[in-house]
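J.: Got structure_27.txt for you, compact mmCIF, C-alpha atoms:
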# COMPACT_ATOMS: atom_id res chain seq x y z
CA ALA N 1 115.02 47.18 50.32
CA GLN N 2 111.67 46.27 48.94
CA SER N 3 109.58 44.01 51.13
CA VAL N 4 106.06 42.80 51.71
CA THR N 5 104.52 42.05 55.10
CA GLN N 6 101.44 39.98 55.66
CA PRO N 7 100.86 40.27 59.41
CA ASP N 8 98.29 37.50 59.73
CA ILE N 9 99.62 33.95 59.41
CA HIS N 10 96.17 32.38 59.76
CA ILE N 11 92.67 33.75 59.49
CA THR N 12 89.48 31.80 60.12
CA VAL N 13 86.10 33.06 58.92
CA SER N 14 82.67 31.53 58.70
CA GLU N 15 81.23 30.77 55.31
CA GLY N 16 79.22 33.75 54.12
CA ALA N 17 81.14 36.21 56.28
CA SER N 18 83.24 39.03 54.90
CA LEU N 19 87.01 38.78 54.59
CA GLU N 20 89.91 41.19 54.70
CA LEU N 21 93.53 40.06 54.34
CA ARG N 22 96.18 42.61 55.17
CA CYS N 23 99.25 43.47 53.15
CA ASN N 24 101.83 46.19 53.76
CA TYR N 25 104.68 46.94 51.42
CA SER N 26 107.93 48.83 51.49
CA TYR N 27 108.89 50.27 48.13
CA GLY N 28 110.51 53.52 47.12
CA ALA N 29 108.63 54.28 43.92
CA THR N 30 105.13 53.64 42.64
CA PRO N 31 104.50 50.00 43.47
CA TYR N 32 103.09 47.38 41.20
CA LEU N 33 101.13 45.10 43.52
CA PHE N 34 99.65 41.66 43.13
CA TRP N 35 97.55 39.16 45.06
CA TYR N 36 97.95 35.46 44.31
CA VAL N 37 96.10 32.46 45.73
CA GLN N 38 97.59 29.00 46.23
CA SER N 39 95.34 26.02 46.80
CA PRO N 40 96.84 22.81 48.20
CA GLY N 41 99.00 21.09 45.61
CA GLN N 42 98.44 23.87 43.12
CA GLY N 43 100.56 26.63 41.72
CA LEU N 44 99.85 30.28 42.36
CA GLN N 45 96.92 31.87 40.56
CA LEU N 46 96.68 35.61 40.04
CA LEU N 47 93.63 37.17 41.72
CA LEU N 48 94.25 40.80 40.83
CA LYS N 49 96.92 43.42 40.26
CA TYR N 50 97.35 47.15 40.73
CA PHE N 51 99.53 49.35 38.54
CA SER N 52 97.96 52.80 38.54
CA GLY N 53 94.66 54.63 38.34
CA ASP N 54 91.66 53.60 40.37
CA THR N 55 92.84 52.51 43.79
CA LEU N 56 90.07 49.92 44.11
CA VAL N 57 90.90 46.93 41.94
CA GLN N 58 88.50 44.16 41.02
CA GLY N 59 89.74 40.63 40.55
CA ILE N 60 88.52 37.15 39.86
CA LYS N 61 86.32 35.05 42.15
CA GLY N 62 84.67 38.15 43.65
CA PHE N 63 87.83 39.54 45.25
CA GLU N 64 88.85 43.17 45.36
CA ALA N 65 91.77 45.07 46.81
CA GLU N 66 92.32 48.68 47.75
CA PHE N 67 95.63 50.47 47.35
CA LYS N 68 96.30 53.08 50.04
CA ARG N 69 99.55 54.90 49.46
CA SER N 70 99.39 56.78 52.76
CA GLN N 71 99.27 53.51 54.66
CA SER N 72 101.52 51.52 52.29
CA SER N 73 98.79 48.92 52.19
CA PHE N 74 97.06 46.76 49.61
CA ASN N 75 94.42 44.80 51.50
CA LEU N 76 92.38 42.06 49.86
CA ARG N 77 88.65 41.85 50.51
CA LYS N 78 85.69 39.67 49.70
CA PRO N 79 82.14 40.43 50.88
CA SER N 80 81.02 36.80 51.30
CA VAL N 81 83.45 33.91 51.64
CA HIS N 82 82.76 30.49 50.15
CA TRP N 83 84.20 27.22 51.45
CA SER N 84 86.20 26.92 48.22
CA ASP N 85 88.12 30.09 49.14
CA ALA N 86 90.10 28.17 51.75
CA ALA N 87 93.68 28.48 50.54
CA GLU N 88 96.87 30.45 51.10
CA TYR N 89 96.99 34.01 49.87
CA PHE N 90 100.15 35.86 48.89
CA CYS N 91 100.67 39.55 48.36
CA ALA N 92 103.59 40.58 46.14
CA VAL N 93 105.32 43.69 44.85
CA GLU N 94 107.17 43.85 41.57
CA SER N 95 110.77 45.00 41.65
CA SER N 96 113.00 44.98 38.56
CA TYR N 97 110.65 42.61 36.73
CA LYS N 98 110.63 40.10 39.58
CA LEU N 99 108.06 39.47 42.29
CA ILE N 100 108.82 39.84 45.98
CA PHE N 101 106.27 37.90 47.98
CA GLY N 102 105.01 38.18 51.52
CA SER N 103 104.98 35.12 53.73
CA GLY N 104 101.33 34.42 53.06
CA THR N 105 98.08 34.20 54.99
CA ARG N 106 96.30 30.88 55.30
CA LEU N 107 92.52 31.23 55.15
CA LEU N 108 90.37 28.66 56.90
CA VAL N 109 86.61 28.67 56.30
CA ARG N 110 84.20 27.41 58.94
CA PRO N 111 81.02 25.76 57.64
CA GLU B 112 95.82 27.12 26.40
CA ALA B 113 98.07 24.71 28.25
CA GLY B 114 99.59 26.00 31.47
CA VAL B 115 103.10 25.74 32.84
CA ALA B 116 104.11 22.10 33.20
CA GLN B 117 106.52 20.81 35.81
CA SER B 118 107.90 17.40 36.62
CA PRO B 119 108.30 15.50 38.77
CA ARG B 120 105.61 16.62 41.19
CA TYR B 121 107.31 15.04 44.17
CA LYS B 122 110.86 13.95 44.89
CA ILE B 123 112.50 12.47 47.97
CA ILE B 124 116.28 12.21 48.09
CA GLU B 125 119.00 11.89 50.67
CA LYS B 126 121.37 14.73 51.44
CA ARG B 127 124.39 14.98 49.18
CA GLN B 128 122.46 13.40 46.30
CA SER B 129 121.65 15.33 43.15
CA VAL B 130 118.23 16.12 41.72
CA ALA B 131 116.84 17.83 38.65
CA PHE B 132 113.52 19.50 37.95
CA TRP B 133 111.99 20.22 34.59
CA CYS B 134 109.72 23.04 33.46
CA ASN B 135 107.88 23.67 30.21
CA PRO B 136 106.47 27.20 30.09
CA ILE B 137 103.38 28.41 28.29
CA SER B 138 103.97 28.38 24.54
CA GLY B 139 105.40 31.65 23.30
CA HIS B 140 106.41 32.96 26.70
CA ALA B 141 109.87 34.46 26.52
CA THR B 142 110.48 34.82 30.24
CA LEU B 143 110.87 31.93 32.64
CA TYR B 144 111.34 32.04 36.41
CA TRP B 145 112.33 29.51 39.05
CA TYR B 146 111.18 30.18 42.61
CA GLN B 147 111.93 28.35 45.85
CA GLN B 148 109.10 28.21 48.39
CA ILE B 149 110.13 26.97 51.83
CA LEU B 150 107.32 25.83 54.10
CA GLY B 151 105.67 28.80 55.78
CA GLN B 152 107.27 31.35 53.49
CA GLY B 153 106.43 33.06 50.25
CA PRO B 154 108.18 32.11 47.02
CA LYS B 155 111.67 33.50 46.52
CA LEU B 156 113.12 34.04 43.06
CA LEU B 157 116.12 31.87 42.26
CA ILE B 158 116.69 32.68 38.60
CA GLN B 159 115.03 34.49 35.71
CA PHE B 160 115.58 33.77 32.02
CA GLN B 161 114.72 35.92 29.01
CA ASN B 162 114.69 33.44 26.12
CA ASN B 163 117.87 31.45 26.78
CA GLY B 164 119.76 34.22 28.57
CA VAL B 165 119.93 34.81 32.33
CA VAL B 166 118.38 38.09 33.48
CA ASP B 167 118.79 37.65 37.23
CA ASP B 168 120.45 34.87 39.21
CA SER B 169 121.53 36.94 42.19
CA GLN B 170 119.74 34.70 44.69
CA LEU B 171 120.77 31.37 43.18
CA PRO B 172 123.22 29.45 45.42
CA LYS B 173 125.62 28.84 42.59
CA ASP B 174 127.85 26.47 44.53
CA ARG B 175 125.11 23.84 44.37
CA PHE B 176 122.29 25.09 42.15
CA SER B 177 122.39 25.40 38.38
CA ALA B 178 119.77 26.09 35.76
CA GLU B 179 119.64 26.18 32.02
CA ARG B 180 117.23 27.03 29.25
CA LEU B 181 119.19 25.97 26.22
CA LYS B 182 116.69 26.50 23.40
CA GLY B 183 114.73 29.27 25.03
CA VAL B 184 111.79 27.00 25.76
CA ASP B 185 111.90 24.45 28.55
CA SER B 186 114.25 24.63 31.48
CA THR B 187 115.92 22.43 34.06
CA LEU B 188 116.97 23.30 37.59
CA LYS B 189 119.56 21.10 39.25
CA ILE B 190 120.78 20.79 42.81
CA GLN B 191 124.07 19.02 43.45
CA PRO B 192 124.72 18.13 46.21
CA ALA B 193 121.43 18.63 48.05
CA LYS B 194 121.27 19.82 51.65
CA LEU B 195 118.52 19.39 54.20
CA GLU B 196 117.61 23.07 53.90
CA ASP B 197 116.84 22.61 50.20
CA SER B 198 113.57 20.90 51.17
CA ALA B 199 110.97 23.14 49.56
CA VAL B 200 108.55 23.50 46.69
CA TYR B 201 110.23 24.62 43.48
CA LEU B 202 107.89 26.68 41.36
CA CYS B 203 108.35 27.52 37.72
CA ALA B 204 106.58 30.51 36.20
CA SER B 205 106.49 32.13 32.79
CA SER B 206 105.39 35.42 31.30
CA PRO B 207 105.14 36.68 27.75
CA ARG B 208 108.08 39.07 28.09
CA THR B 209 110.31 40.79 30.59
CA GLU B 210 108.44 44.00 31.21
CA THR B 211 106.86 45.66 34.16
CA GLN B 212 103.30 44.75 34.96
CA GLU B 213 103.50 41.39 33.22
CA THR B 214 101.48 38.63 34.81
CA GLN B 215 103.47 35.57 35.78
CA TYR B 216 101.79 32.19 35.32
CA PHE B 217 102.83 29.50 37.74
CA GLY B 218 103.13 25.76 37.40
CA PRO B 219 102.00 23.33 40.13
CA GLY B 220 105.51 23.03 41.55
CA THR B 221 107.85 20.20 42.50
CA ARG B 222 107.89 19.31 46.17
CA LEU B 223 111.38 18.24 47.26
CA LEU B 224 112.14 16.50 50.51
CA VAL B 225 115.79 16.03 51.45
CA LEU B 226 116.41 13.44 54.17
For this file, write the structure as C-alpha cells.

T.:
Amino acid sequence: AQSVTQPDIHITVSEGASLELRCNYSYGATPYLFWYVQSPGQGLQLLLKYFSGDTLVQGIKGFEAEFKRSQSSFNLRKPSVHWSDAAEYFCAVESSYKLIFGSGTRLLVRP
Amino acid sequence: EAGVAQSPRYKIIEKRQSVAFWCNPISGHATLYWYQQILGQGPKLLIQFQNNGVVDDSQLPKDRFSAERLKGVDSTLKIQPAKLEDSAVYLCASSPRTETQETQYFGPGTRLLVL
C-alpha cells in the first residue's frame, strides 16, 4: 500500500540556519509528490510538487525539494529559515487522484 | 480569487449529538474533497466528489458520516451520532478537475471537539 513517512515529529532550527525535512514514500509506480505547509489555524498551502523531469523542484517561499528514486525520498530544504517559517509541514503522495499524507513535521524556529 | 470557505470554524458538541459542516469550494472547481485530520496526524481523505457524484468514499464511516454535494458546488459533511474519536479538524479542499497532478486547494478547516 502507498504510504508516506516523515521520521521527524519536531525539528528546531535557529533563524538564518539551513533546514532539511525528511520524507520517504512507498509507491509502486512513478510517484507524484507534494509538500504542503500548515500554519496554526490555517488550511494547507502547497509549497511545491514533483511529477517528472528535473529532480530538484523549486517552490514558493524559497523552498526546494529533491526527488531521489533510489532512496524513495523527497526531502524539503531551505537555505536560510525565517521566523515566519514556523509551521507544520506535510509530505504527500498522490494515489488514484487522492493525496496520502505523512504525519507531519513541526518546525520550531529559535530567534 | 476567493479561496475555499468553510464554516463553522469551531464546534463543540457532546457525544451522540449530531453536527454538520459546510464547504464552498473555489468557483469553477469540479472536484471537492473532505479530509479528517486527527491531532498529530496528517489529513486522511474521507470522501471525494466530482461535480455532484461520489468518486471515492472508501474511508468514510458510513454508519455515522454522510456527505452531499447536491448542485455540484457547495457541500455538507454530517456526523450523526458523534463519538469522542471524531474530535479532529475537518478540512475541505477543491481542485479544478479529477486528474493526476492537480493541485488541491484547502480551506481553513473546522475544528470539532466531542465531549

J.: Neighbouring residues of Asn75 in chain N were defined as those with any atom within 6 Å, considering only C-alpha atoms; residues of the same chain fewer than 2 positions away were excluded. Please report them as a PDB file with C-alpha atoms, in the coordinates of the input.

T.:
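In the end it all went to selection02.pdb:
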ATOM      1  CA  LEU N  21      93.530  40.060  54.340  1.00  0.00           C
ATOM      2  CA  ARG N  22      96.180  42.610  55.170  1.00  0.00           C
ATOM      3  CA  CYS N  23      99.250  43.470  53.150  1.00  0.00           C
ATOM      4  CA  ALA N  65      91.770  45.070  46.810  1.00  0.00           C
ATOM      5  CA  GLU N  66      92.320  48.680  47.750  1.00  0.00           C
TER       6      GLU N  66
END

J.: Set the cut-off to 6 Å and count all atoms listed in the file: what are the residues of chain N that reach chain B? Output as a list in words.

T.: Gln42, Gly43, Leu44, Tyr97, Phe101, Gly102, Ser103 and Gly104 of chain N

J.: Would you work out the distance separating CA of Leu47 in chain N from CA of Ala92 in chain N, expressed in Å to one decimal?

T.: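 These two atoms are separated by 11.4 Å.
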
J.: What does the distance from CA of Leu108 in chain N to CA of Glu196 in chain B come to in Å, to one decimal?

T.: 28.0 Å

J.: Quick one, how far is CA of Ser118 in chain B from CA of Ser186 in chain B?

T.: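 These two atoms are separated by 10.9 Å.
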
J.: Please return as JSON, numbers by chain every residue within 6 Å of (119.2, 15.4, 48.7), taking into account only C-alpha atoms and the file's own coordinates.

T.: {"B": [124, 125, 126, 127, 128, 193, 194, 225]}

J.: Applying 12 Å and only C-alpha atoms, which residues near Val165 in chain B remain after dropping the ones on its own chain fewer than 4 positions away? List them as a VMD selection string.

T.: chain B and resid 141 to 145 157 to 161 169 171 177 to 181 183 186 209

J.: As an mmCIF file, in the coordinates of the input, could you write out range 54-86 of chain N once it has been completed with N, CA and C atoms?

T.:
data_model
loop_
_atom_site.group_PDB
_atom_site.id
_atom_site.type_symbol
_atom_site.label_atom_id
_atom_site.label_comp_id
_atom_site.auth_asym_id
_atom_site.auth_seq_id
_atom_site.Cartn_x
_atom_site.Cartn_y
_atom_site.Cartn_z
ATOM 1 N N ASP N 54 92.626 53.847 39.306
ATOM 2 C CA ASP N 54 91.660 53.600 40.370
ATOM 3 C C ASP N 54 92.286 52.740 41.460
ATOM 4 N N THR N 55 92.188 53.213 42.694
ATOM 5 C CA THR N 55 92.840 52.510 43.790
ATOM 6 C C THR N 55 92.071 51.279 44.248
ATOM 7 N N LEU N 56 90.854 51.113 43.800
ATOM 8 C CA LEU N 56 90.070 49.920 44.110
ATOM 9 C C LEU N 56 90.105 49.016 42.882
ATOM 10 N N VAL N 57 90.681 47.839 43.052
ATOM 11 C CA VAL N 57 90.900 46.930 41.940
ATOM 12 C C VAL N 57 89.998 45.710 42.094
ATOM 13 N N GLN N 58 89.342 45.353 41.016
ATOM 14 C CA GLN N 58 88.500 44.160 41.020
ATOM 15 C C GLN N 58 89.267 42.981 40.448
ATOM 16 N N GLY N 59 89.050 41.812 41.022
ATOM 17 C CA GLY N 59 89.740 40.630 40.550
ATOM 18 C C GLY N 59 88.770 39.509 40.249
ATOM 19 N N ILE N 60 89.341 38.324 40.141
ATOM 20 C CA ILE N 60 88.520 37.150 39.860
ATOM 21 C C ILE N 60 87.929 36.612 41.152
ATOM 22 N N LYS N 61 86.945 35.757 41.025
ATOM 23 C CA LYS N 61 86.320 35.050 42.150
ATOM 24 C C LYS N 61 85.693 36.004 43.164
ATOM 25 N N GLY N 62 85.333 37.214 42.753
ATOM 26 C CA GLY N 62 84.670 38.150 43.650
ATOM 27 C C GLY N 62 85.578 38.911 44.591
ATOM 28 N N PHE N 63 86.882 38.819 44.405
ATOM 29 C CA PHE N 63 87.830 39.540 45.250
ATOM 30 C C PHE N 63 88.077 40.953 44.742
ATOM 31 N N GLU N 64 88.418 41.825 45.682
ATOM 32 C CA GLU N 64 88.850 43.170 45.360
ATOM 33 C C GLU N 64 89.945 43.572 46.324
ATOM 34 N N ALA N 65 90.722 44.567 45.934
ATOM 35 C CA ALA N 65 91.770 45.070 46.810
ATOM 36 C C ALA N 65 91.839 46.572 46.675
ATOM 37 N N GLU N 66 92.224 47.228 47.748
ATOM 38 C CA GLU N 66 92.320 48.680 47.750
ATOM 39 C C GLU N 66 93.739 49.110 48.046
ATOM 40 N N PHE N 67 94.289 49.925 47.178
ATOM 41 C CA PHE N 67 95.630 50.470 47.350
ATOM 42 C C PHE N 67 95.528 51.778 48.132
ATOM 43 N N LYS N 68 96.254 51.860 49.238
ATOM 44 C CA LYS N 68 96.300 53.080 50.040
ATOM 45 C C LYS N 68 97.763 53.481 50.211
ATOM 46 N N ARG N 69 98.153 54.472 49.427
ATOM 47 C CA ARG N 69 99.550 54.900 49.460
ATOM 48 C C ARG N 69 99.948 55.440 50.831
ATOM 49 N N SER N 70 99.055 56.159 51.469
ATOM 50 C CA SER N 70 99.390 56.780 52.760
ATOM 51 C C SER N 70 99.667 55.746 53.843
ATOM 52 N N GLN N 71 99.081 54.581 53.680
ATOM 53 C CA GLN N 71 99.270 53.510 54.660
ATOM 54 C C GLN N 71 100.188 52.410 54.137
ATOM 55 N N SER N 72 100.692 52.564 52.925
ATOM 56 C CA SER N 72 101.520 51.520 52.290
ATOM 57 C C SER N 72 100.835 50.164 52.394
ATOM 58 N N SER N 73 99.547 50.158 52.045
ATOM 59 C CA SER N 73 98.790 48.920 52.190
ATOM 60 C C SER N 73 98.075 48.558 50.894
ATOM 61 N N PHE N 74 97.786 47.291 50.783
ATOM 62 C CA PHE N 74 97.060 46.760 49.610
ATOM 63 C C PHE N 74 96.259 45.566 50.123
ATOM 64 N N ASN N 75 95.191 45.848 50.844
ATOM 65 C CA ASN N 75 94.420 44.800 51.500
ATOM 66 C C ASN N 75 93.420 44.147 50.549
ATOM 67 N N LEU N 76 93.283 42.855 50.702
ATOM 68 C CA LEU N 76 92.380 42.060 49.860
ATOM 69 C C LEU N 76 91.072 41.854 50.596
ATOM 70 N N ARG N 77 89.959 41.979 49.874
ATOM 71 C CA ARG N 77 88.650 41.850 50.510
ATOM 72 C C ARG N 77 87.724 40.987 49.664
ATOM 73 N N LYS N 78 86.773 40.384 50.380
ATOM 74 C CA LYS N 78 85.690 39.670 49.700
ATOM 75 C C LYS N 78 84.458 39.791 50.588
ATOM 76 N N PRO N 79 83.319 40.175 50.045
ATOM 77 C CA PRO N 79 82.140 40.430 50.880
ATOM 78 C C PRO N 79 81.526 39.164 51.486
ATOM 79 N N SER N 80 81.640 38.031 50.801
ATOM 80 C CA SER N 80 81.020 36.800 51.300
ATOM 81 C C SER N 80 81.904 35.621 50.904
ATOM 82 N N VAL N 81 82.488 34.981 51.892
ATOM 83 C CA VAL N 81 83.450 33.910 51.640
ATOM 84 C C VAL N 81 82.742 32.582 51.399
ATOM 85 N N HIS N 82 83.268 31.831 50.454
ATOM 86 C CA HIS N 82 82.760 30.490 50.150
ATOM 87 C C HIS N 82 83.770 29.471 50.649
ATOM 88 N N TRP N 83 83.302 28.245 50.922
ATOM 89 C CA TRP N 83 84.200 27.220 51.450
ATOM 90 C C TRP N 83 85.388 26.983 50.506
ATOM 91 N N SER N 84 85.148 27.160 49.200
ATOM 92 C CA SER N 84 86.200 26.920 48.220
ATOM 93 C C SER N 84 87.296 27.992 48.252
ATOM 94 N N ASP N 85 87.097 29.052 49.019
ATOM 95 C CA ASP N 85 88.120 30.090 49.140
ATOM 96 C C ASP N 85 89.231 29.703 50.105
ATOM 97 N N ALA N 86 89.050 28.616 50.829
ATOM 98 C CA ALA N 86 90.100 28.170 51.750
ATOM 99 C C ALA N 86 91.369 27.867 50.967
#
